[in-house]
Structure formats: structure tokens, C-alpha cells
Amino acid sequence: MKYDFDNIATPRGIGSVKWEFRKGDNGLEAWDATKENDGHRQVLPLWVADMDFAIAAPIRRALEARAKIPSVGYTYKTDAYIAAVTGWMRRRHGWEVEQDWIAMAPGVVPSLNMLVRTFTQAGDGVIVQPPVYHPFYMVIENNDARVVRNPLRLVEGRYKMDFDDLEAKAADPTVRMLLLCSPHNPVGRVWSEAELRRLGEICNRHDVLVVADELHADLMLYGSVFKPYAALGGAFADNAIVCSAASKTFSLAGMHTAHIITPQPALRAQVGAGLRKAAMFGMNPFGAAAVQAAYDEGEDWLEQALAYIQGNMDFMAGFLARNLPRIRMIKPDATYLAWLDCRALGLDKAQLEDLMLNKAGLYLDEGYIFGEAGAGFERINVACPRSVLEDAMGRLANAVGP
Ligand SMILES: Cc1ncc(COP(=O)(O)O)c(C=O)c1O
């Protein structure tokens with residue numbers, strides 16, 4: 001491998017959320033995870049979806065070059081930037097995105113928040129498919145809309161959508177929107193074209209707007225193929241808004257640079273109005289430089305990072321099967337997040353959390369934060385050096401016992 005994925009690129013003291021903070025009652029609280037904890041060298045933070053790897057060399061070069069320019073005033077998308085985004089979508093996903101479909105945003109979550117605010121009124125229903133990325137609930141509740149749950153079903157180790165339930169929920173005329181997580185965080189599913197069509201037909205039939213969060217679209221494992229929702233075309237694209245970014249793909253989340261892609265002109269005008277109303281303007285110049293370099297020159301790094309991540313997934317699956325059969329890993333089609341079914345340990349929420357944090361010295365995302373259906377599960381981030389994952393698995397085995 002040309003790139004080094006065996007070392008942690010994040011020093012302490014830079015305000016890294018993953019390494020220097022944890023979740024508190026009122027948002028993040030500073031936390032020295034490097035402190036001794038129950039005899040462990042340090043707590044291993046394998047939670048928030050950030051990679052430990054150094055960013056790709058072309059991105060670093062672009063940032064260094066940009067830092068040499070002594071002007072960082074208000075910045076907006078250039079033609080070269082937009083060409084980088086559309087080129088990526090064409091090459092990687094076979095999706096022809098037209099330039100004027102793309103609006104800039106400072107992140108996917110702020111975009112989802114703005115979209116719920118723009119397209120729903122107080123009391124309207126928004127469908128989510130739990131267990132699901134927890135800020136989905138937040139953006140709905142922030143805007144006085146109503147969370148409508150269409151839970152995924154776990155069938156023989158694989159999550160599936162429940163279309164009968166979806167049809168029933170979408171038929172309620174106060175339900176206006178569905179937040180689609182594609183690929184799905186935390187369960188790692190890449191939805192097939194057939195599944196997306198079936199979901200889309202239901203939403204179109206009942207006039208439910210599909211907002212697709214495709215942030216993990218580039219992180220395909222095991223030969224999975226991603227289908228962008230709006231690339232289904234026709235009536236699907238006409239009733240869709242896609243949120244996308246390079247931030248998970250290339251570990252650029254701190255750059256706060258995302259895209260809202262809306263093929264249908266009337267919807268696009270509403271998105272534009274929503275952005276203005278939310279005062280979401282402009283672009284971070286370093287984000288612009290980083291994302292453009294990532295999309296134009298980052299493929300080689302990404303291929304290697306994905307091979308490494310898949311190796312980590314395989315290592316963990318093998319380790320758990322051999323040493324901890326009571327913890328079952330849901331094999332992901334995509335993402336660097338694995339969903340661990342710990343229900344066979346027979347622990348309640350507090351006991352499981354205590355086991356992971358205090359006995360194993362692992363800071364993971366507790367499954368229940370993704371919705372009640374996630375209770376008894378843990379989400380682990382494996383975009384870390386193999387040695388860190390080996391350490392984590394050893395700790396887990398010691399803490400859980402045979
Ligand atoms: C599905 C999903 N959407 C959105 C986000 C966050 O996006 P942003 O940092 O652009 O707000 C994450 C982060 O992990 C995510 O997993």
C-alpha cells in the first residue's frame with residue numbers, strides 16, 4: 001500500500017471530537033480519554049464517524065497551497081469545484097448531475113434540519129427507518145415535526161425494509177417526508193435498486209418527499225454497488241432531494257462542506273429559499289480546496305483506505321466468531337461502522353455501557369441512541385489502525401470472558 005493506515009494521524013490538543021471529547025448531557029464535554037482507566041492504558045475511542053487515518057496526500061497538498069494564499073474571504077463554488085463534484089458522481093456512481101442542481105451547505109445535518117423546516121409544518125410526520133443515525137430524530141423534533149417510525153427488520157443477520165408498514169405510514173396525509181439513510185448508518189446496508197424503487201413508488205403514490213442522506217455512498221465494501229436515489233430518474237428524481245459530501249469518504253468532516261442536489265426545478269427553488277431563510281450561505285475556502293482535490297485526485301487513496309477498512313471488518317468478524325460468539329457482527333455492505341449485536345450477553349443498557357467503557361476501556365456508540373430497536377447493540381468505528389482494533393478486540397474478549 002502506498003498510504004499509511006497503520007498510524008493514528010490525530011495528535012492530542014487540536015480539539016479532536018473523537019479523541020478529546022465525549023457526549024455529555026448538554027452536548028460534548030472535554031474528556032481526556034488518554035487517562036488510565038481501570039488499568040487500561042487509555043480508553044479507545046471508536047465512536048464518532050471520523051477516520052484515524054491521515055488524509056490523502058493530494059488533499060494535504062491542496063490545503064497547504066491554499067494556506068499560502070493570503071486571502072480567505074467569503075468563498076463560493078467555482079466552475080472547477082462543481083466540475084470536481086459532477087465528475088465524481090459520474091465516474092463513481094454513473095450519475096449525471098447537472099451543475100445547477102447543486103447547492104452548497106455547511107454539512108449534511110444542517111441541510112436535513114433546513115429541509116425539514118422548509119418542507120414540513122408543525123405536526124407533520126417525517127418517516128425514519130430505525131435503528132438510524134440519531135440526528136435524524138433531532139432534525140425532526142427541532143422543527144416541531146413528528147417522528148414516524150418505519151422500523152427495519154432484522155432477518156437472518158440482514159436488515160430489510162418493511163414495505164407494508166411503510167405503505168401504511170406513508171398513507172397518512174399528514175406524513176410529508178421520508179428521511180432515507182442510504183447507505184444506512186448504523187446497519188451498513190446498501191439498498192438495492194429494487195428496494196429503492198419500491199420505497200420510491202410508495203412515497204410517490206402518497207406524495208411523501210424523499211430526502212436521501214447519501215453521505216456514506218462512497219464507502220462500498222465487498223463489491224457492493226451504490227445506486228444514488230435520484231439516479232433512478234423520472235418520477236423518483238422529481239420527488240427527491242439528495243444530501244451528499246466528501247466528508248466521510250475522505251475524512252474531511254471538520255471542513256463543513258456538503259452538497260444538496262435537487263434535480264426538480266420547483267423543489268430546487270424551495271431549497272434555495274430554505275437556505276436563505278436559514279441563513280446558510282457561502283463556503284469555507286479550505287473546505288472548497290480540500291473537496292475539490294479529494295474528488296479530482298483522491299481515488300487512489302480511497303481504494304486503499306477501503307481495502308484496509310474491509311481488512312479490519314474481516315479481522316473483527318473472524319475474531320468475534322472465534323472468541324466471542326455471543327457478540328454477533330452484522331456484516332456491513334458499506335461504511336466503516338459495524339453494528340454489533342450484543343443481546344446474547346443479556347445485559348441491560350447501563351450494564352452494557354459499563355462493560356464497554358469501564359471494563360473493556362472502549363468508547364463506542366450505544367445502540368439505543370439510534371432508537372429503541374438498537375438497544376443491546378453497539379456501533380463500532382473501524383477506520384483505525386489494525387493494531388488499535390486488535391487491542392480493542394483483546395480488551396473486549398477479556399472483559400466479556402468466554
Ligand atoms: C448518515 C449520516 N448523515 C450525516 C452525518 C453528519 O454529516 P455532517 O457532518 O455533514 O453534518 C453523518 C455522520 O456520521 C452520518 O452518518
# chains A, B, ... in the order shown; residues from 1 in each chain; ligands from 1

$ residues_around --residues "A:Arg117" --least-positions-apart "2" --cutoff "10 Å" --atoms "only C-alpha atoms" --output "PDB file with C-alpha atoms, in the first residue's frame"
ATOM      1  CA  SER A 111     -29.088  20.544   5.482  1.00  0.00           C
ATOM      2  CA  LEU A 112     -31.505  17.939   6.828  1.00  0.00           C
ATOM      3  CA  ASN A 113     -32.551  20.379   9.514  1.00  0.00           C
ATOM      4  CA  MET A 114     -33.205  23.085   6.921  1.00  0.00           C
ATOM      5  CA  LEU A 115     -35.099  20.664   4.671  1.00  0.00           C
ATOM      6  CA  PHE A 119     -40.934  21.179   3.663  1.00  0.00           C
ATOM      7  CA  THR A 120     -42.979  20.443   6.784  1.00  0.00           C
ATOM      8  CA  GLN A 121     -45.277  22.301   9.127  1.00  0.00           C
ATOM      9  CA  ALA A 122     -45.712  21.790  12.850  1.00  0.00           C
ATOM     10  CA  VAL A 139     -33.792  17.498  12.996  1.00  0.00           C
ATOM     11  CA  ILE A 140     -37.426  16.397  13.009  1.00  0.00           C
ATOM     12  CA  ASN A 142     -36.126  20.657  16.242  1.00  0.00           C
ATOM     13  CA  ASN A 143     -38.730  21.746  13.741  1.00  0.00           C
ATOM     14  CA  ASP A 144     -41.834  20.559  15.590  1.00  0.00           C
ATOM     15  CA  ALA A 145     -42.476  17.827  13.075  1.00  0.00           C
ATOM     16  CA  GLY A 274     -34.938  27.441   2.616  1.00  0.00           C
ATOM     17  CA  LYS A 277     -34.240  31.577   5.362  1.00  0.00           C
ATOM     18  CA  ALA A 278     -31.816  29.519   7.441  1.00  0.00           C
TER      19      ALA A 278
END

$ select_by_dssp --residues "stretch 82-265 of chain A" --states "strand (DSSP E)" --output "number ranges by chain"
A: 102-105, 125-128, 146-149, 153-155, 158-160, 175-181, 209-213, 240-245, 258-261

$ closest_residue --among "A:Tyr3, A:Asn26, A:Leu340, A:Ile82" --to "A:Ala293" --atoms "only C-alpha atoms"
A:Ile82

$ residues_around --residues "A:Ala399" --least-positions-apart "5" --cutoff "12 Å" --atoms "only C-alpha atoms" --output "PyMOL selection string"
chain A and resi 38+40+323-324+345+352+354-362+392-394

$ write_last_selection --atoms "N, CA and C atoms" --output "PDB file, in the first residue's frame"
ATOM      1  N   ASP A  38      -9.322   1.982  34.681  1.00  0.00           N
ATOM      2  CA  ASP A  38      -9.406   0.607  35.159  1.00  0.00           C
ATOM      3  C   ASP A  38      -8.216  -0.231  34.725  1.00  0.00           C
ATOM      4  N   HIS A  40      -6.426   0.104  32.134  1.00  0.00           N
ATOM      5  CA  HIS A  40      -6.119   0.128  30.705  1.00  0.00           C
ATOM      6  C   HIS A  40      -5.208   1.314  30.417  1.00  0.00           C
ATOM      7  N   ASN A 323     -13.759 -15.996  19.193  1.00  0.00           N
ATOM      8  CA  ASN A 323     -13.542 -15.743  20.629  1.00  0.00           C
ATOM      9  C   ASN A 323     -14.754 -15.243  21.390  1.00  0.00           C
ATOM     10  N   LEU A 324     -15.665 -14.625  20.680  1.00  0.00           N
ATOM     11  CA  LEU A 324     -16.805 -14.006  21.372  1.00  0.00           C
ATOM     12  C   LEU A 324     -18.100 -14.292  20.608  1.00  0.00           C
ATOM     13  N   LEU A 345     -25.578 -11.285  25.438  1.00  0.00           N
ATOM     14  CA  LEU A 345     -24.887 -11.117  26.727  1.00  0.00           C
ATOM     15  C   LEU A 345     -25.899 -10.937  27.858  1.00  0.00           C
ATOM     16  N   LEU A 352     -24.454  -2.835  29.770  1.00  0.00           N
ATOM     17  CA  LEU A 352     -23.678  -2.979  28.531  1.00  0.00           C
ATOM     18  C   LEU A 352     -22.714  -1.803  28.367  1.00  0.00           C
ATOM     19  N   ASP A 354     -21.507   0.003  30.762  1.00  0.00           N
ATOM     20  CA  ASP A 354     -20.470  -0.156  31.787  1.00  0.00           C
ATOM     21  C   ASP A 354     -19.430  -1.185  31.342  1.00  0.00           C
ATOM     22  N   LEU A 355     -19.904  -2.257  30.740  1.00  0.00           N
ATOM     23  CA  LEU A 355     -18.981  -3.287  30.248  1.00  0.00           C
ATOM     24  C   LEU A 355     -18.019  -2.683  29.221  1.00  0.00           C
ATOM     25  N   MET A 356     -18.578  -1.958  28.262  1.00  0.00           N
ATOM     26  CA  MET A 356     -17.732  -1.428  27.182  1.00  0.00           C
ATOM     27  C   MET A 356     -16.771  -0.368  27.709  1.00  0.00           C
ATOM     28  N   LEU A 357     -17.302   0.579  28.447  1.00  0.00           N
ATOM     29  CA  LEU A 357     -16.472   1.718  28.848  1.00  0.00           C
ATOM     30  C   LEU A 357     -15.548   1.373  30.019  1.00  0.00           C
ATOM     31  N   ASN A 358     -16.119   0.837  31.056  1.00  0.00           N
ATOM     32  CA  ASN A 358     -15.328   0.689  32.285  1.00  0.00           C
ATOM     33  C   ASN A 358     -14.572  -0.640  32.353  1.00  0.00           C
ATOM     34  N   LYS A 359     -15.145  -1.687  31.783  1.00  0.00           N
ATOM     35  CA  LYS A 359     -14.446  -2.979  31.881  1.00  0.00           C
ATOM     36  C   LYS A 359     -13.523  -3.188  30.673  1.00  0.00           C
ATOM     37  N   ALA A 360     -14.015  -2.842  29.478  1.00  0.00           N
ATOM     38  CA  ALA A 360     -13.171  -3.065  28.291  1.00  0.00           C
ATOM     39  C   ALA A 360     -12.335  -1.835  27.945  1.00  0.00           C
ATOM     40  N   GLY A 361     -12.727  -0.655  28.438  1.00  0.00           N
ATOM     41  CA  GLY A 361     -11.991   0.560  28.072  1.00  0.00           C
ATOM     42  C   GLY A 361     -12.234   0.957  26.630  1.00  0.00           C
ATOM     43  N   LEU A 362     -13.471   0.768  26.182  1.00  0.00           N
ATOM     44  CA  LEU A 362     -13.826   1.131  24.797  1.00  0.00           C
ATOM     45  C   LEU A 362     -14.952   2.153  24.830  1.00  0.00           C
ATOM     46  N   ALA A 392      -8.546  -3.412  20.776  1.00  0.00           N
ATOM     47  CA  ALA A 392      -9.955  -3.303  21.184  1.00  0.00           C
ATOM     48  C   ALA A 392     -10.583  -4.687  21.334  1.00  0.00           C
ATOM     49  N   MET A 393     -10.301  -5.572  20.389  1.00  0.00           N
ATOM     50  CA  MET A 393     -10.910  -6.910  20.454  1.00  0.00           C
ATOM     51  C   MET A 393     -10.359  -7.697  21.638  1.00  0.00           C
ATOM     52  N   GLY A 394      -9.052  -7.535  21.893  1.00  0.00           N
ATOM     53  CA  GLY A 394      -8.453  -8.209  23.048  1.00  0.00           C
ATOM     54  C   GLY A 394      -9.107  -7.742  24.340  1.00  0.00           C
TER      55      GLY A 394
END

$ closest_residue --among "A:Phe250, A:Trp95, A:Phe136, A:Trp88" --to "ligand 1" --atoms "only C-alpha atoms and all ligand atoms"
A:Phe136

$ select_by_dssp --residues "stretch 38-218 of chain A" --states "helix (DSSP H, G or I)" --output "ChimeraX atom specification"
/A:57-67,79-93,99-101,108-119,135-142,163-170,193-205

$ residues_around --residues "A:Arg176" --least-positions-apart "4" --cutoff "8 Å" --atoms "only C-alpha atoms" --output "VMD selection string"
chain A and resid 119 to 120 124 to 126 207 to 209

$ residues_around --residues "A:Gly374" --least-positions-apart "2" --cutoff "12 Å" --atoms "only C-alpha atoms" --output "ChimeraX atom specification"
/A:129-134,151-154,185-187,339-343,348-349,365-372,376-379

$ residues_around --residues "A:Ala49" --least-positions-apart "5" --cutoff "9 Å" --atoms "only C-alpha atoms" --output "mmCIF file with N, CA and C atoms, in the first residue's frame"
data_model
loop_
_atom_site.group_PDB
_atom_site.id
_atom_site.type_symbol
_atom_site.label_atom_id
_atom_site.label_comp_id
_atom_site.auth_asym_id
_atom_site.auth_seq_id
_atom_site.Cartn_x
_atom_site.Cartn_y
_atom_site.Cartn_z
ATOM 1 N N LYS A 18 -13.311 13.153 18.395
ATOM 2 C CA LYS A 18 -13.203 11.712 18.658
ATOM 3 C C LYS A 18 -12.291 11.416 19.851
ATOM 4 N N LYS A 248 -17.233 11.956 4.820
ATOM 5 C CA LYS A 248 -16.958 10.611 5.350
ATOM 6 C C LYS A 248 -15.950 9.909 4.451
ATOM 7 N N SER A 251 -12.521 11.694 5.102
ATOM 8 C CA SER A 251 -12.239 12.170 6.457
ATOM 9 C C SER A 251 -12.051 13.687 6.493
ATOM 10 N N ALA A 253 -14.680 15.781 7.653
ATOM 11 C CA ALA A 253 -15.906 16.268 8.299
ATOM 12 C C ALA A 253 -15.724 17.655 8.906
ATOM 13 N N TYR A 336 -17.582 2.412 7.380
ATOM 14 C CA TYR A 336 -16.560 1.863 8.274
ATOM 15 C C TYR A 336 -17.120 1.682 9.680
ATOM 16 N N LEU A 337 -18.424 1.526 9.743
ATOM 17 C CA LEU A 337 -19.110 1.348 11.015
ATOM 18 C C LEU A 337 -19.692 -0.056 11.064
ATOM 19 N N ASN A 381 -16.544 1.945 15.235
ATOM 20 C CA ASN A 381 -15.908 2.570 14.076
ATOM 21 C C ASN A 381 -14.567 1.878 13.844
ATOM 22 N N ALA A 383 -12.431 2.535 11.265
ATOM 23 C CA ALA A 383 -11.483 3.296 10.432
ATOM 24 C C ALA A 383 -10.305 3.713 11.299
#

$ decode --residues "stretch 27-165 of chain A" --atoms "C-alpha atoms" --output "compact mmCIF listing (two decimals), in the first residue's frame"
# COMPACT_ATOMS: atom_id res chain seq x y z
CA GLY A 27 -23.60 18.29 24.16
CA LEU A 28 -19.91 17.45 24.04
CA GLU A 29 -17.76 17.63 27.11
CA ALA A 30 -13.97 17.70 27.19
CA TRP A 31 -12.58 14.36 28.24
CA ASP A 32 -9.08 13.06 28.48
CA ALA A 33 -9.52 9.61 27.04
CA THR A 34 -5.82 9.03 27.38
CA LYS A 35 -6.15 8.81 31.17
CA GLU A 36 -5.67 5.45 32.80
CA ASN A 37 -8.99 3.72 33.06
CA ASP A 38 -9.41 0.61 35.16
CA GLY A 39 -5.83 -0.39 34.46
CA HIS A 40 -6.12 0.13 30.70
CA ARG A 41 -3.54 2.31 29.01
CA GLN A 42 -6.32 4.55 27.77
CA VAL A 43 -9.90 4.35 26.63
CA LEU A 44 -10.01 3.62 22.92
CA PRO A 45 -12.47 6.00 21.27
CA LEU A 46 -14.13 4.07 18.44
CA TRP A 47 -17.31 6.09 18.30
CA VAL A 48 -17.97 9.19 16.15
CA ALA A 49 -17.64 8.54 12.40
CA ASP A 50 -14.22 10.03 11.79
CA MET A 51 -11.23 8.15 10.47
CA ASP A 52 -7.95 7.98 12.34
CA PHE A 53 -6.05 7.90 9.05
CA ALA A 54 -4.01 10.76 7.63
CA ILE A 55 -5.85 12.47 4.78
CA ALA A 56 -4.81 11.74 1.20
CA ALA A 57 -1.60 13.43 0.06
CA PRO A 58 -3.30 15.44 -2.75
CA ILE A 59 -5.74 16.93 -0.23
CA ARG A 60 -2.94 17.89 2.08
CA ARG A 61 -1.04 19.50 -0.78
CA ALA A 62 -4.14 21.44 -1.84
CA LEU A 63 -4.65 22.69 1.72
CA GLU A 64 -1.03 23.72 2.00
CA ALA A 65 -1.22 25.55 -1.32
CA ARG A 66 -4.43 27.27 -0.25
CA ALA A 67 -2.88 28.33 3.06
CA LYS A 68 -0.13 30.09 1.15
CA ILE A 69 -2.68 32.43 -0.44
CA PRO A 70 -3.09 35.35 1.97
CA SER A 71 -6.80 35.78 1.38
CA VAL A 72 -9.55 33.76 2.97
CA GLY A 73 -12.55 35.98 2.50
CA TYR A 74 -16.04 34.82 1.59
CA THR A 75 -15.77 32.00 -0.87
CA TYR A 76 -18.19 30.33 -3.23
CA LYS A 77 -18.24 27.40 -5.63
CA THR A 78 -16.09 27.82 -8.74
CA ASP A 79 -16.66 26.03 -12.04
CA ALA A 80 -13.67 23.82 -11.25
CA TYR A 81 -15.21 22.89 -7.91
CA ILE A 82 -18.55 21.99 -9.43
CA ALA A 83 -16.80 20.02 -12.18
CA ALA A 84 -14.99 18.03 -9.48
CA VAL A 85 -18.33 17.16 -7.82
CA THR A 86 -20.15 16.26 -11.03
CA GLY A 87 -17.11 14.34 -12.33
CA TRP A 88 -17.05 12.26 -9.15
CA MET A 89 -20.73 11.44 -9.35
CA ARG A 90 -20.35 10.39 -13.00
CA ARG A 91 -17.19 8.29 -12.52
CA ARG A 92 -18.01 6.67 -9.21
CA HIS A 93 -21.78 6.35 -9.40
CA GLY A 94 -22.75 6.68 -13.06
CA TRP A 95 -24.94 9.63 -12.12
CA GLU A 96 -25.15 12.66 -14.40
CA VAL A 97 -25.62 15.62 -12.08
CA GLU A 98 -26.24 18.95 -13.72
CA GLN A 99 -24.32 21.93 -12.38
CA ASP A 100 -27.29 23.95 -11.26
CA TRP A 101 -28.76 21.06 -9.25
CA ILE A 102 -26.05 21.57 -6.63
CA ALA A 103 -26.42 23.89 -3.64
CA MET A 104 -23.69 24.32 -1.07
CA ALA A 105 -24.25 23.70 2.62
CA PRO A 106 -22.09 23.61 5.76
CA GLY A 107 -22.93 19.99 6.49
CA VAL A 108 -25.46 17.25 5.91
CA VAL A 109 -27.13 17.55 9.31
CA PRO A 110 -27.70 21.32 8.94
CA SER A 111 -29.09 20.54 5.48
CA LEU A 112 -31.50 17.94 6.83
CA ASN A 113 -32.55 20.38 9.51
CA MET A 114 -33.20 23.09 6.92
CA LEU A 115 -35.10 20.66 4.67
CA VAL A 116 -37.42 19.52 7.46
CA ARG A 117 -38.06 23.17 8.30
CA THR A 118 -38.71 24.07 4.67
CA PHE A 119 -40.93 21.18 3.66
CA THR A 120 -42.98 20.44 6.78
CA GLN A 121 -45.28 22.30 9.13
CA ALA A 122 -45.71 21.79 12.85
CA GLY A 123 -47.19 18.37 13.49
CA ASP A 124 -46.41 16.91 10.06
CA GLY A 125 -44.99 13.42 10.02
CA VAL A 126 -41.49 12.53 8.83
CA ILE A 127 -40.69 8.86 8.33
CA VAL A 128 -37.41 7.38 9.54
CA GLN A 129 -36.24 3.78 9.46
CA PRO A 130 -34.81 2.85 12.86
CA PRO A 131 -32.32 1.96 14.06
CA VAL A 132 -30.97 5.04 12.31
CA TYR A 133 -28.42 7.83 12.60
CA HIS A 134 -29.65 9.64 15.72
CA PRO A 135 -29.60 13.27 14.47
CA PHE A 136 -32.47 12.27 12.14
CA TYR A 137 -34.72 12.38 15.21
CA MET A 138 -33.20 15.67 16.29
CA VAL A 139 -33.79 17.50 13.00
CA ILE A 140 -37.43 16.40 13.01
CA GLU A 141 -38.05 17.37 16.61
CA ASN A 142 -36.13 20.66 16.24
CA ASN A 143 -38.73 21.75 13.74
CA ASP A 144 -41.83 20.56 15.59
CA ALA A 145 -42.48 17.83 13.07
CA ARG A 146 -43.39 14.31 14.20
CA VAL A 147 -41.14 11.25 14.04
CA VAL A 148 -42.93 8.42 12.25
CA ARG A 149 -41.10 5.13 12.62
CA ASN A 150 -40.89 2.52 9.89
CA PRO A 151 -38.53 0.11 11.66
CA LEU A 152 -36.13 -2.06 9.71
CA ARG A 153 -36.48 -5.81 10.24
CA LEU A 154 -33.50 -7.98 11.10
CA VAL A 155 -33.95 -11.19 9.15
CA GLU A 156 -31.22 -13.83 9.42
CA GLY A 157 -28.48 -11.32 10.13
CA ARG A 158 -29.53 -8.83 7.46
CA TYR A 159 -31.67 -5.73 7.81
CA LYS A 160 -34.62 -5.30 5.45
CA MET A 161 -37.18 -2.58 4.89
CA ASP A 162 -40.77 -3.28 5.94
CA PHE A 163 -42.71 -2.08 2.89
CA ASP A 164 -46.17 -2.98 4.19
CA ASP A 165 -45.58 -0.85 7.25
